[in-house]
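Colleague: Next comes the structure file coords15.cif, holding mmCIF, C-alpha atoms.
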data_work
loop_
_atom_site.label_atom_id
_atom_site.label_comp_id
_atom_site.auth_asym_id
_atom_site.auth_seq_id
_atom_site.Cartn_x
_atom_site.Cartn_y
_atom_site.Cartn_z
CA MET A 23 16.15 1.47 -30.24
CA LEU A 24 16.29 4.91 -28.62
CA ASP A 25 19.42 6.49 -27.15
CA VAL A 26 19.39 6.89 -23.35
CA ASN A 27 20.56 10.51 -23.61
CA HIS A 28 17.71 11.25 -26.00
CA ILE A 29 15.24 9.78 -23.48
CA LYS A 30 16.79 11.95 -20.74
CA THR A 31 16.11 15.07 -22.81
CA VAL A 32 12.46 14.07 -23.21
CA LEU A 33 12.09 13.36 -19.48
CA ARG A 34 13.62 16.71 -18.49
CA SER A 35 11.28 18.69 -20.76
CA ASN A 36 8.33 16.71 -19.42
CA GLN A 37 9.25 17.70 -15.87
CA VAL A 38 9.19 21.40 -16.75
CA MET A 39 5.88 21.01 -18.58
CA VAL A 40 4.19 19.21 -15.67
CA GLU A 41 5.35 21.82 -13.15
CA ASN A 42 3.96 24.69 -15.24
CA VAL A 43 0.74 23.30 -16.66
CA LYS A 44 -2.44 24.76 -15.16
CA VAL A 45 -4.68 22.04 -13.75
CA VAL A 46 -8.34 22.40 -12.81
CA HIS A 47 -8.88 20.04 -9.88
CA ARG A 48 -11.12 17.09 -10.73
CA ASP A 49 -13.23 14.88 -8.47
CA PHE A 50 -10.98 11.83 -8.48
CA ASP A 51 -9.27 9.98 -5.67
CA PHE A 52 -5.99 8.16 -6.30
CA TYR A 53 -6.15 6.19 -3.09
CA ASP A 54 -2.99 4.83 -1.56
CA GLY A 55 -1.65 1.37 -2.17
CA ALA A 56 -3.08 0.83 -5.67
CA ASN A 57 -1.78 0.96 -9.22
CA PHE A 58 -4.16 2.56 -11.72
CA VAL A 59 -5.04 2.18 -15.38
CA LEU A 60 -7.10 5.16 -16.57
CA VAL A 61 -9.01 4.57 -19.79
CA GLY A 62 -11.53 6.63 -21.73
CA VAL A 63 -12.20 8.65 -24.83
CA ARG A 64 -9.48 10.86 -26.30
CA ARG A 65 -9.29 14.32 -24.63
CA ALA A 66 -11.36 13.26 -21.61
CA GLY A 67 -8.64 14.60 -19.31
CA LYS A 68 -6.74 11.43 -18.39
CA SER A 69 -3.36 13.12 -18.80
CA PHE A 70 -4.47 16.06 -16.67
CA LEU A 71 -5.40 13.65 -13.88
CA LEU A 72 -1.80 12.43 -14.01
CA PHE A 73 -0.62 16.06 -13.91
CA GLN A 74 -2.93 16.67 -10.93
CA GLN A 75 -1.42 13.73 -9.06
CA MET A 76 2.18 14.67 -9.91
CA GLN A 77 1.66 18.27 -8.80
CA HIS A 78 0.10 16.98 -5.57
CA LEU A 79 3.12 14.77 -4.92
CA LEU A 80 5.51 17.65 -5.64
CA ASN A 81 3.54 19.84 -3.20
CA ILE A 82 3.89 17.29 -0.38
CA GLY A 83 7.65 16.93 -0.76
CA LYS A 84 8.31 14.49 -3.56
CA THR A 85 10.83 15.49 -6.25
CA TRP A 86 11.59 14.36 -9.78
CA LYS A 87 14.07 11.94 -8.28
CA ASN A 88 10.98 10.12 -7.04
CA MET A 89 8.87 10.31 -10.24
CA LEU A 90 9.03 9.55 -13.95
CA TYR A 91 6.53 10.86 -16.52
CA VAL A 92 6.44 9.97 -20.21
CA ASN A 93 3.76 10.43 -22.90
CA PHE A 94 3.99 7.75 -25.58
CA GLU A 95 2.24 9.99 -28.11
CA ASP A 96 5.25 12.32 -27.96
CA ASP A 97 6.70 12.48 -31.49
CA ARG A 98 10.18 12.55 -29.96
CA LEU A 99 9.60 8.93 -28.94
CA LEU A 100 8.71 7.77 -32.45
CA GLY A 101 10.07 4.27 -32.89
CA PHE A 102 9.86 3.40 -29.17
CA GLU A 103 9.98 -0.39 -28.84
CA THR A 104 9.41 -2.85 -26.03
CA SER A 105 13.16 -3.03 -25.37
CA ASP A 106 13.22 0.74 -24.78
CA PHE A 107 11.18 0.38 -21.58
CA GLU A 108 14.38 -0.73 -19.84
CA ARG A 109 16.24 2.31 -21.24
CA LEU A 110 13.51 4.49 -19.78
CA LEU A 111 14.36 3.16 -16.32
CA GLU A 112 18.08 3.52 -17.01
CA ALA A 113 17.62 7.14 -18.08
CA HIS A 114 15.75 8.01 -14.90
CA ALA A 115 18.26 6.21 -12.67
CA SER A 116 21.08 8.16 -14.34
CA MET A 117 19.26 11.48 -13.87
CA SER A 118 18.26 10.86 -10.26
CA GLY A 119 21.46 9.21 -9.11
CA SER A 120 19.36 6.69 -7.20
CA ASP A 121 18.39 3.07 -7.66
CA GLU A 122 15.09 3.54 -5.79
CA HIS A 123 11.95 2.75 -7.74
CA PRO A 124 10.39 5.93 -9.16
CA ILE A 125 6.64 6.45 -9.20
CA MET A 126 5.79 5.71 -12.85
CA PHE A 127 3.37 7.88 -14.86
CA LEU A 128 2.92 6.29 -18.30
CA ASP A 129 0.61 8.26 -20.61
CA GLU A 130 -1.15 6.74 -23.68
CA ILE A 131 0.82 3.55 -23.26
CA GLN A 132 -1.46 1.54 -25.58
CA ASN A 133 0.64 2.82 -28.50
CA ILE A 134 3.51 0.50 -27.51
CA GLU A 135 3.25 -3.17 -28.44
CA GLY A 136 3.65 -5.42 -25.40
CA TRP A 137 3.04 -2.62 -22.87
CA HIS A 138 1.10 -4.92 -20.56
CA LYS A 139 4.13 -7.16 -19.96
CA PHE A 140 6.16 -4.16 -18.82
CA ALA A 141 3.25 -2.97 -16.64
CA ARG A 142 3.03 -6.35 -14.96
CA ARG A 143 6.78 -6.44 -14.36
CA LEU A 144 6.63 -3.02 -12.72
CA ALA A 145 3.84 -4.17 -10.41
CA ASP A 146 5.67 -7.40 -9.61
CA HIS A 147 8.70 -5.34 -8.57
CA LYS A 148 6.56 -3.11 -6.32
CA TYR A 149 6.63 0.06 -8.40
CA GLN A 150 3.80 2.58 -7.91
CA VAL A 151 2.30 2.92 -11.41
CA TYR A 152 -0.25 5.19 -13.10
CA ILE A 153 -1.17 4.34 -16.71
CA THR A 154 -3.53 5.96 -19.23
CA GLY A 155 -4.90 4.67 -22.52
CA SER A 156 -7.59 5.59 -25.04
CA ASN A 157 -8.43 2.16 -26.39
CA ALA A 158 -10.96 -0.18 -24.78
CA LYS A 159 -8.90 -3.12 -26.03
CA MET A 160 -6.92 -2.44 -22.86
CA LEU A 161 -9.96 -3.81 -21.04
CA SER A 162 -10.36 -6.96 -23.13
CA SER A 163 -10.34 -10.26 -21.27
CA ASP A 164 -6.67 -11.04 -21.91
CA ILE A 165 -5.37 -7.73 -20.53
CA PRO A 166 -6.76 -8.03 -16.96
CA THR A 167 -5.56 -11.64 -17.00
CA THR A 168 -2.08 -10.50 -18.03
CA LEU A 169 -2.03 -7.76 -15.42
CA GLY A 170 -3.18 -10.34 -12.90
CA GLY A 171 -5.32 -8.08 -10.74
CA ARG A 172 -2.39 -5.78 -10.03
CA TYR A 173 -4.15 -2.64 -11.32
CA VAL A 174 -7.39 -0.81 -10.61
CA VAL A 175 -9.03 0.10 -13.93
CA LYS A 176 -11.03 3.36 -13.98
CA THR A 177 -13.00 4.84 -16.88
CA ILE A 178 -12.47 8.59 -17.18
CA PHE A 179 -15.23 10.65 -18.73
CA PRO A 180 -15.10 14.28 -19.85
CA TYR A 181 -16.05 16.80 -17.15
CA SER A 182 -19.08 16.16 -15.00
CA TYR A 183 -21.36 19.18 -14.63
CA HIS A 184 -19.88 19.81 -11.19
CA GLU A 185 -16.36 19.84 -12.64
CA PHE A 186 -17.52 22.02 -15.54
CA LEU A 187 -18.77 24.64 -13.07
CA ASN A 188 -15.50 24.42 -11.13
CA ALA A 189 -13.63 25.16 -14.36
CA HIS A 190 -15.76 28.32 -14.64
CA GLY A 191 -15.12 29.29 -11.03
CA ILE A 192 -18.69 28.53 -9.90
CA HIS A 193 -19.24 26.65 -6.64
CA PHE A 194 -22.74 25.27 -6.15
CA SER A 195 -24.54 25.00 -2.82
CA ASP A 196 -28.02 23.49 -2.82
CA ASP A 197 -29.27 25.64 0.06
CA GLN A 198 -27.70 28.87 -1.16
CA THR A 199 -29.91 31.76 -2.24
CA TYR A 200 -28.60 33.01 -5.56
CA LEU A 201 -28.83 36.53 -6.91
CA THR A 202 -30.56 36.96 -10.25
CA THR A 203 -27.20 37.41 -11.99
CA GLU A 204 -25.77 34.27 -10.36
CA LYS A 205 -28.83 32.25 -11.28
CA ALA A 206 -28.58 33.48 -14.86
CA LYS A 207 -24.93 32.40 -14.97
CA LEU A 208 -25.84 28.93 -13.69
CA ASN A 209 -28.54 28.64 -16.33
CA ARG A 210 -26.12 29.69 -19.06
CA CYS A 211 -23.60 27.12 -17.88
CA LEU A 212 -26.20 24.36 -17.91
CA GLU A 213 -27.23 25.26 -21.45
CA GLU A 214 -23.59 25.40 -22.53
CA TYR A 215 -22.76 22.07 -20.87
CA MET A 216 -25.80 20.37 -22.37
CA THR A 217 -25.02 21.73 -25.84
CA TYR A 218 -21.22 21.51 -26.03
CA GLY A 219 -20.45 18.83 -23.46
CA GLY A 220 -17.57 18.54 -21.04
CA PHE A 221 -14.31 17.94 -22.88
CA PRO A 222 -11.95 19.73 -20.43
CA GLU A 223 -9.98 21.76 -22.97
CA CYS A 224 -13.24 22.87 -24.60
CA ALA A 225 -14.92 24.05 -21.39
CA THR A 226 -13.61 27.62 -21.43
CA LEU A 227 -12.92 28.01 -25.15
CA PRO A 228 -14.97 30.59 -27.07
CA ALA A 229 -14.73 28.61 -30.35
CA LYS A 230 -16.20 25.36 -29.09
CA THR A 231 -17.53 23.97 -32.36
CA GLU A 232 -14.13 24.11 -34.03
CA TYR A 233 -12.49 22.30 -31.12
CA LEU A 234 -15.19 19.62 -31.01
CA MET A 235 -14.88 19.03 -34.73
CA SER A 236 -11.12 18.54 -34.42
CA VAL A 237 -11.56 16.02 -31.58
CA TYR A 238 -14.32 14.18 -33.43
CA GLN A 239 -12.20 13.99 -36.58
CA LYS A 240 -9.28 12.64 -34.57
CA ILE A 241 -11.44 9.97 -32.93
CA TYR A 242 -13.31 8.71 -35.97
CA LEU A 243 -10.47 9.07 -38.50
CA GLY A 244 -7.54 8.26 -36.20
CA ASP A 245 -8.71 6.07 -33.34
CA ILE A 246 -11.31 4.21 -35.42
CA ALA A 247 -10.80 4.42 -39.21
CA SER A 248 -7.01 4.39 -39.30
CA ARG A 249 -6.48 1.92 -36.47
CA HIS A 250 -8.99 -0.57 -37.91
CA LYS A 251 -8.22 0.13 -41.58
CA VAL A 252 -11.75 1.32 -42.36
CA GLU A 253 -11.84 2.31 -46.03
CA ASN A 254 -15.47 3.47 -46.22
CA THR A 255 -15.18 6.47 -43.89
CA PHE A 256 -18.34 7.96 -45.41
CA ALA A 257 -20.38 4.99 -44.15
CA LEU A 258 -18.71 5.27 -40.74
CA ARG A 259 -19.55 8.97 -40.53
CA LEU A 260 -23.11 8.27 -41.66
CA MET A 261 -23.46 5.60 -38.96
CA PHE A 262 -22.58 8.12 -36.25
CA LYS A 263 -25.15 10.54 -37.61
CA LYS A 264 -27.86 7.86 -37.57
CA LEU A 265 -26.89 6.87 -34.03
CA ALA A 266 -27.13 10.49 -32.88
CA GLU A 267 -30.56 10.85 -34.48
CA SER A 268 -31.78 7.61 -32.86
CA ILE A 269 -30.58 8.07 -29.28
CA LYS A 270 -34.01 7.92 -27.67
CA GLN A 271 -35.00 4.61 -29.31
CA PRO A 272 -33.46 1.12 -29.47
CA LEU A 273 -31.63 0.46 -32.72
CA SER A 274 -30.95 -3.04 -34.02
CA PHE A 275 -28.07 -3.86 -36.35
CA THR A 276 -30.63 -4.85 -38.97
CA ARG A 277 -32.35 -1.47 -38.74
CA LEU A 278 -29.03 0.41 -38.73
CA THR A 279 -27.89 -1.50 -41.82
CA SER A 280 -31.16 -0.67 -43.59
CA LEU A 281 -30.92 3.05 -42.72
CA ILE A 282 -27.40 3.40 -44.10
CA SER A 283 -27.97 1.18 -47.13
CA SER A 284 -31.01 3.30 -48.08
CA THR A 285 -28.63 6.18 -48.87
CA GLY A 286 -27.04 4.11 -51.62
CA THR A 287 -23.97 3.27 -49.54
CA LYS A 288 -22.78 -0.32 -49.52
CA PHE A 289 -23.15 -1.44 -45.92
CA SER A 290 -23.68 -4.92 -44.48
CA LYS A 291 -24.88 -6.09 -41.09
CA ARG A 292 -21.42 -7.50 -40.35
CA THR A 293 -19.92 -4.10 -41.17
CA ALA A 294 -22.40 -2.44 -38.78
CA ILE A 295 -21.39 -4.82 -36.00
CA ASN A 296 -17.67 -4.24 -36.65
CA TYR A 297 -18.00 -0.46 -36.79
CA MET A 298 -19.95 -0.46 -33.55
CA GLU A 299 -17.24 -2.48 -31.82
CA TYR A 300 -14.59 -0.06 -33.09
CA SER A 301 -16.63 2.86 -31.75
CA LYS A 302 -16.94 1.24 -28.33
CA ASP A 303 -13.19 0.51 -28.37
CA ALA A 304 -12.56 4.25 -28.82
CA PHE A 305 -15.01 5.03 -25.99
CA LEU A 306 -17.03 7.21 -28.37
CA VAL A 307 -20.29 5.27 -28.16
CA MET A 308 -21.86 3.66 -25.09
CA PRO A 309 -24.43 0.86 -25.52
CA MET A 310 -27.34 0.37 -23.12
CA GLN A 311 -29.36 -2.83 -22.90
CA ASN A 312 -33.10 -3.30 -22.44
CA MET A 313 -33.63 -4.97 -19.09
CA ALA A 314 -36.86 -6.55 -20.37
CA ASP A 315 -35.21 -8.34 -23.32
CA ASN A 316 -33.85 -11.86 -23.48
CA PHE A 317 -30.11 -12.36 -23.90
CA THR A 318 -30.03 -12.25 -27.71
CA GLU A 319 -32.20 -9.15 -27.96
CA ARG A 320 -30.18 -7.40 -25.23
CA GLU A 321 -27.07 -7.77 -27.35
CA THR A 322 -28.59 -6.87 -30.72
CA ASN A 323 -31.27 -4.24 -30.02
CA MET A 324 -29.74 -1.62 -27.76
CA LYS A 325 -29.83 2.12 -27.25
CA TYR A 326 -26.62 3.94 -28.08
CA TYR A 327 -25.40 7.08 -26.34
CA PHE A 328 -22.35 9.22 -27.01
CA VAL A 329 -19.68 9.82 -24.38
CA ASP A 330 -20.10 13.60 -24.71
CA ASN A 331 -22.97 15.86 -25.77
CA GLY A 332 -20.68 18.00 -27.89
CA ILE A 333 -20.38 15.22 -30.48
CA ILE A 334 -24.18 15.02 -30.77
CA SER A 335 -24.40 18.78 -31.38
CA LEU A 336 -22.06 18.31 -34.34
CA LEU A 337 -24.29 15.63 -35.83
CA THR A 338 -27.89 16.77 -35.20
CA LEU A 339 -30.17 19.82 -35.16
CA ASP A 340 -33.23 20.66 -33.04
CA ASN A 341 -31.96 18.20 -30.46
CA GLN A 342 -32.80 19.46 -26.94
CA THR A 343 -34.60 16.29 -25.80
CA THR A 344 -31.80 14.14 -27.26
CA LEU A 345 -29.10 16.18 -25.53
CA LEU A 346 -30.87 16.05 -22.17
CA GLU A 347 -31.31 12.28 -22.30
CA ASN A 348 -27.70 11.71 -23.38
CA MET A 349 -26.48 14.00 -20.58
CA VAL A 350 -28.39 11.94 -18.00
CA ALA A 351 -26.99 8.69 -19.45
CA THR A 352 -23.39 9.86 -19.09
CA ALA A 353 -24.07 11.15 -15.57
CA LEU A 354 -25.40 7.73 -14.56
CA TRP A 355 -22.50 5.86 -16.12
CA ARG A 356 -20.05 8.21 -14.44
CA LYS A 357 -21.70 7.63 -11.06
CA TYR A 358 -21.85 3.85 -11.33
CA GLU A 359 -18.48 3.51 -13.08
CA ALA A 360 -19.60 1.03 -15.71
CA PHE A 361 -20.43 1.01 -19.40
CA GLU A 362 -22.70 -2.02 -19.37
CA ASN A 363 -24.78 -4.22 -17.07
CA THR A 364 -25.39 -1.58 -14.40
CA VAL A 365 -27.67 0.99 -16.01
CA PHE A 366 -30.45 -0.20 -18.34
CA PHE A 367 -33.56 1.08 -20.05
CA TYR A 368 -36.89 -0.75 -19.79
CA LYS A 369 -39.16 -1.31 -22.78
CA HIS A 370 -41.95 -3.88 -22.68
CA ASN A 371 -45.46 -2.43 -23.02
CA ILE A 372 -44.12 0.58 -21.11
CA GLU A 373 -40.98 2.65 -21.67
CA VAL A 374 -38.71 3.94 -18.91
CA ASP A 375 -35.54 5.75 -19.97
CA PHE A 376 -33.20 4.54 -17.22
CA VAL A 377 -33.36 1.87 -14.54
CA VAL A 378 -30.64 0.98 -12.05
CA PRO A 379 -31.81 -2.34 -10.56
CA GLU A 380 -29.18 -2.55 -7.81
CA HIS A 381 -30.33 0.77 -6.40
CA GLY A 382 -34.07 0.53 -7.03
CA LEU A 383 -33.89 3.67 -9.18
CA ALA A 384 -36.05 4.52 -12.22
CA ILE A 385 -35.63 7.77 -14.16
CA GLN A 386 -37.46 9.51 -16.99
CA ALA A 387 -35.61 12.26 -18.86
CA CYS A 388 -38.04 14.82 -20.22
CA TYR A 389 -37.15 18.32 -21.46
CA ASP A 390 -40.62 19.72 -20.62
CA LEU A 391 -43.06 17.66 -18.56
CA GLY A 392 -45.97 20.00 -19.18
CA GLU A 393 -48.96 20.55 -16.93
CA GLU A 394 -50.91 17.89 -15.11
CA GLY A 395 -53.16 16.08 -17.59
CA SER A 396 -51.02 16.82 -20.63
CA GLU A 397 -50.03 13.94 -22.92
CA THR A 398 -46.36 14.12 -21.87
CA TYR A 399 -47.22 14.33 -18.16
CA ILE A 400 -49.46 11.26 -18.35
CA ARG A 401 -46.99 9.23 -20.43
CA GLU A 402 -43.99 9.87 -18.19
CA THR A 403 -45.73 9.43 -14.83
CA GLN A 404 -47.74 6.36 -15.81
CA ALA A 405 -44.67 4.54 -17.11
CA LEU A 406 -42.92 4.99 -13.76
CA LEU A 407 -46.01 3.95 -11.79
CA LYS A 408 -46.53 0.79 -13.87
CA LEU A 409 -42.87 -0.17 -13.52
CA SER A 410 -42.94 0.29 -9.74
CA LYS A 411 -46.09 -1.82 -9.47
CA LYS A 412 -44.62 -4.58 -11.61
CA PHE A 413 -41.28 -4.54 -9.76
CA SER A 414 -41.59 -3.55 -6.12
CA ALA A 415 -37.82 -3.02 -5.83
CA TYR A 416 -38.10 0.32 -7.66
CA LYS A 417 -38.68 2.69 -4.77
CA ARG A 418 -37.07 5.83 -6.20
CA LEU A 419 -39.00 7.33 -9.10
CA ILE A 420 -37.61 10.50 -10.71
CA ILE A 421 -38.49 12.70 -13.67
CA LEU A 422 -35.65 14.98 -14.77
CA THR A 423 -36.58 18.13 -16.70
CA TYR A 424 -34.94 21.31 -17.88
CA SER A 425 -37.41 23.39 -15.86
CA GLU A 426 -36.19 25.01 -12.64
CA ARG A 427 -39.41 24.00 -10.87
CA GLU A 428 -38.99 21.03 -8.49
CA TYR A 429 -41.88 19.26 -6.78
CA GLN A 430 -43.38 15.88 -5.94
CA ILE A 431 -46.23 14.02 -7.62
CA ASN A 432 -48.20 11.67 -5.39
CA LEU A 433 -50.22 9.05 -7.30
CA ASP A 434 -51.50 5.60 -6.31
CA ASN A 435 -49.52 5.68 -3.05
CA LYS A 436 -46.32 6.35 -4.98
CA THR A 437 -44.14 9.45 -4.94
CA ILE A 438 -42.49 10.74 -8.11
CA GLU A 439 -39.83 13.42 -7.72
CA VAL A 440 -39.70 16.03 -10.47
CA MET A 441 -36.22 17.54 -10.46
CA ASN A 442 -34.18 20.04 -12.45
CA VAL A 443 -31.57 18.06 -14.38
CA GLY A 444 -28.77 20.49 -13.53
CA LYS A 445 -29.43 20.38 -9.78
CA TRP A 446 -29.82 16.60 -9.91
CA MET A 447 -26.40 16.24 -11.57
CA LEU A 448 -24.76 18.52 -9.00
CA ARG A 449 -26.32 16.71 -6.04
CA ASN A 450 -25.39 13.43 -7.67
CA GLU A 451 -21.79 14.43 -8.41
CA SER A 452 -20.71 16.73 -5.62
CA GLY A 453 -22.03 14.88 -2.61
CA ILE A 454 -24.36 17.73 -1.59
CA ALA A 455 -27.22 15.30 -1.35
CA LYS A 456 -27.38 11.62 -2.10
CA VAL A 457 -29.45 10.98 -5.21
#
Kindly present the structure from the file in structure tokens form.

Modeller:
Amino acid sequence: MLDVNHIKTVLRSNQVMVENVKVVHRDFDFYDGANFVLVGVRRAGKSFLLFQQMQHLLNIGKTWKNMLYVNFEDDRLLGFETSDFERLLEAHASMSGSDEHPIMFLDEIQNIEGWHKFARRLADHKYQVYITGSNAKMLSSDIPTTLGGRYVVKTIFPYSYHEFLNAHGIHFSDDQTYLTTEKAKLNRCLEEYMTYGGFPECATLPAKTEYLMSVYQKIYLGDIASRHKVENTFALRLMFKKLAESIKQPLSFTRLTSLISSTGTKFSKRTAINYMEYSKDAFLVMPMQNMADNFTERETNMKYYFVDNGIISLLTLDNQTTLLENMVATALWRKYEAFENTVFFYKHNIEVDFVVPEHGLAIQACYDLGEEGSETYIRETQALLKLSKKFSAYKRLIILTYSEREYQINLDNKTIEVMNVGKWMLRNESGIAKV
């Protein structure tokens, strides 16, 4: 049980911190009349979205009498129990001198047992509430049932490419003519984003690898190994390496078990399944199903992508095609706001990297398409053509490459758009053009 005066001290210091923290504006809309639960991988920027919203409210006339912010990973709140939630409200009421409901900002709340009951009570009593958490268990079937539809759940990813450029002070316009120096800067940013990813705190750091390693260690040792009492951390680390090396191909649990066991490490299929679930819970790994498979195969023979390219760069070498494909996967998931059952791959006689059935969209991710008639050119174009002939709903056919050259390929009364992956992401993310 925490002392109310102690909680007041924590709240006061939080107010000063929020007012002074520098926030890079992100493309997110906290629309009126809704309570939010923000979930996602550690260090994706969920807390900074809360800071962004609090600073916005302060700028339009709200004061700390109207708001309460607490981070449940704060070591000063060690020992916080369910009963202390009421003391939190008491502390704020004492500080504000008002019995009006404050707007509640509750950061990393998954650390407190029974948090969902408090969240539901707040909603029932008409509080405005913003919650963050780093564990996908917050999205398990019992949690939405407990919250009773009172919250909008949003998955927060690390920076999009558009946000990454904003953090570097670069504002993209599709019809703008860029000087050679500006174009070179854009190209450098694309290479940096593809290689090191979009964790917000990492975006402008010179020592990116060290930061990424610290985040990765925290996720796999803290959020996965420690939370789930994984003793064989070597096998867990080896699994991530094999996943990173296998991104472009489906990987069954049987195959994954065989790959890891071949190193002499004791590793069962059940362990592989458990470790994968833990990794999804921590939002580190994103599974993608084969649209052509039956139900059982969809669940057991998937592609696996990482939530951020920076993690892949820690685990693999000579990985440009892997990084490009993973970058496209995260861009698509960010756009369609779903981890599963929205974006698929297609593999049955032909292979297409990404299909979005609801939007009639099929995409190939290819670092270098090559010239007309080359093996890569024929493979990528023919797969899209065959898919569109088999399923007439696929009207939009795109090949994304690292090349700056953009053009159209017209074959068999079909049009394939060849687009630069950086420009595609910016059009996709910033609303410059609908893609």

Colleague: Between segment 422-447 of chain A and segment 337-351 of chain A, at 10 Å or less, what are the per-residue closest atom pairs and their distances in Å? Count all atoms listed in the file, order by chain and rising residue number, and return it as JSON lines.

Modeller:
{"residue": "A:Leu422", "atom": "CA", "partner": "A:Val350", "partner_atom": "CA", "distance": 8.5}
{"residue": "A:Thr423", "atom": "CA", "partner": "A:Leu346", "partner_atom": "CA", "distance": 8.2}
{"residue": "A:Tyr424", "atom": "CA", "partner": "A:Leu346", "partner_atom": "CA", "distance": 7.9}
{"residue": "A:Val443", "atom": "CA", "partner": "A:Val350", "partner_atom": "CA", "distance": 7.8}
{"residue": "A:Gly444", "atom": "CA", "partner": "A:Val350", "partner_atom": "CA", "distance": 9.7}
{"residue": "A:Trp446", "atom": "CA", "partner": "A:Val350", "partner_atom": "CA", "distance": 9.4}
{"residue": "A:Met447", "atom": "CA", "partner": "A:Val350", "partner_atom": "CA", "distance": 8.0}

Colleague: Can you give me, as a short mmCIF file (atom, residue, chain, number, x, y, z; two decimals) with C-alpha atoms, in the coordinates of the input, the residues this file yields under the PyMOL selection byres ((chain A and resi 263) around 12)?

Modeller:
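Writing the result to out_34.cif gives the following:
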data_model
loop_
_atom_site.label_atom_id
_atom_site.label_comp_id
_atom_site.auth_asym_id
_atom_site.auth_seq_id
_atom_site.Cartn_x
_atom_site.Cartn_y
_atom_site.Cartn_z
CA PHE A 256 -18.34 7.96 -45.41
CA ALA A 257 -20.38 4.99 -44.15
CA LEU A 258 -18.71 5.27 -40.74
CA ARG A 259 -19.55 8.97 -40.53
CA LEU A 260 -23.11 8.27 -41.66
CA MET A 261 -23.46 5.60 -38.96
CA PHE A 262 -22.58 8.12 -36.25
CA LYS A 264 -27.86 7.86 -37.57
CA LEU A 265 -26.89 6.87 -34.03
CA ALA A 266 -27.13 10.49 -32.88
CA GLU A 267 -30.56 10.85 -34.48
CA SER A 268 -31.78 7.61 -32.86
CA ILE A 269 -30.58 8.07 -29.28
CA LEU A 278 -29.03 0.41 -38.73
CA LEU A 281 -30.92 3.05 -42.72
CA ILE A 282 -27.40 3.40 -44.10
CA VAL A 307 -20.29 5.27 -28.16
CA TYR A 326 -26.62 3.94 -28.08
CA TYR A 327 -25.40 7.08 -26.34
CA PHE A 328 -22.35 9.22 -27.01
CA ILE A 333 -20.38 15.22 -30.48
CA ILE A 334 -24.18 15.02 -30.77
CA SER A 335 -24.40 18.78 -31.38
CA LEU A 336 -22.06 18.31 -34.34
CA LEU A 337 -24.29 15.63 -35.83
CA THR A 338 -27.89 16.77 -35.20
CA LEU A 339 -30.17 19.82 -35.16
#

Colleague: Expand the PyMOL selection byres ((chain A and resi 37) around 12) into the individual residues it matches in the shown file, reporting them as a PyMOL selection string.

Modeller: chain A and resi 30-36+38-43+73+76-77+80+85-93+114+117+127

Colleague: I'd like the interatomic distance between atom CA of Cys388 of chain A and atom CA of Asp330 of chain A, to a tenth of an Å.

Modeller: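 Computing the Euclidean distance for atom CA of Cys388 of chain A and atom CA of Asp330 of chain A yields 18.5 Å.
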
Colleague: Given the file shown, determine the residues that the PyMOL selection byres ((chain A and resi 294-296) around 12) selects; report them as number ranges by chain.

Modeller: A: 246-247, 250-252, 254, 257-262, 264-265, 273-283, 288-293, 297-303, 321-323

Colleague: Please indicate the distance in Å from atom CA of Leu24 of chain A to atom CA of Phe94 of chain A, rounded to one decimal place.

Modeller: 13.0 Å

Colleague: Using atom CA of Phe52 of chain A and atom CA of Gln75 of chain A as the two end points, give the distance in Å to one decimal.

Modeller: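 The value is 7.7 Å.
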
Colleague: Counting all atoms listed in the file, select every polymer residue within 6 Å of (-13.3, 9.1, -25.0) as defined in the file's coordinates, and provide the selection as a VMD selection string.

Modeller: chain A and resid 62 to 64 66 305 to 306

Colleague: Could you check which of A:Glu394, A:Asp434, A:Glu103, A:Asp97 is closest to Glu135 of chain A, using only C-alpha atoms?

Modeller: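 Among the listed residues, the smallest separation from Glu135 of chain A belongs to A:Glu103.
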
Colleague: Choose the residue, out of A:Lys369, A:Asn57, A:Asp25, A:His184, that has the smallest atom-to-atom separation from Asp315 of chain A; count all atoms listed in the file.

Modeller: A:Lys369

Colleague: Leaving out His370 of chain A and any residue of its chain fewer than 3 positions from it, which residues lie within 12 Å of it when counting only C-alpha atoms, given as a list in words?

Modeller: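 In the requested format, the answer is Pro272, Asn312, Met313, Ala314, Asp315, Asn316, Phe367, Glu373, Val374, Asp375, Ala405, Lys408, Leu409 and Lys412 of chain A.
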
Colleague: What's around Ser414 of chain A at 12 Å? Count only C-alpha atoms, leave out sequence neighbours fewer than 4 positions away in its own chain, and write the answer as JSON, numbers by chain.

Modeller: {"A": [379, 382, 383, 384, 406, 407, 408, 409, 410, 418, 419, 436]}

Colleague: Only C-alpha atoms, please: the residues just picked out, written as a PDB file, in the frame of the given file.

Modeller:
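Listing of result.pdb after writing:
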ATOM      1  CA  PRO A 379     -31.810  -2.340 -10.560  1.00  0.00           C
ATOM      2  CA  GLY A 382     -34.070   0.530  -7.030  1.00  0.00           C
ATOM      3  CA  LEU A 383     -33.890   3.670  -9.180  1.00  0.00           C
ATOM      4  CA  ALA A 384     -36.050   4.520 -12.220  1.00  0.00           C
ATOM      5  CA  LEU A 406     -42.920   4.990 -13.760  1.00  0.00           C
ATOM      6  CA  LEU A 407     -46.010   3.950 -11.790  1.00  0.00           C
ATOM      7  CA  LYS A 408     -46.530   0.790 -13.870  1.00  0.00           C
ATOM      8  CA  LEU A 409     -42.870  -0.170 -13.520  1.00  0.00           C
ATOM      9  CA  SER A 410     -42.940   0.290  -9.740  1.00  0.00           C
ATOM     10  CA  ARG A 418     -37.070   5.830  -6.200  1.00  0.00           C
ATOM     11  CA  LEU A 419     -39.000   7.330  -9.100  1.00  0.00           C
ATOM     12  CA  LYS A 436     -46.320   6.350  -4.980  1.00  0.00           C
TER      13      LYS A 436
END
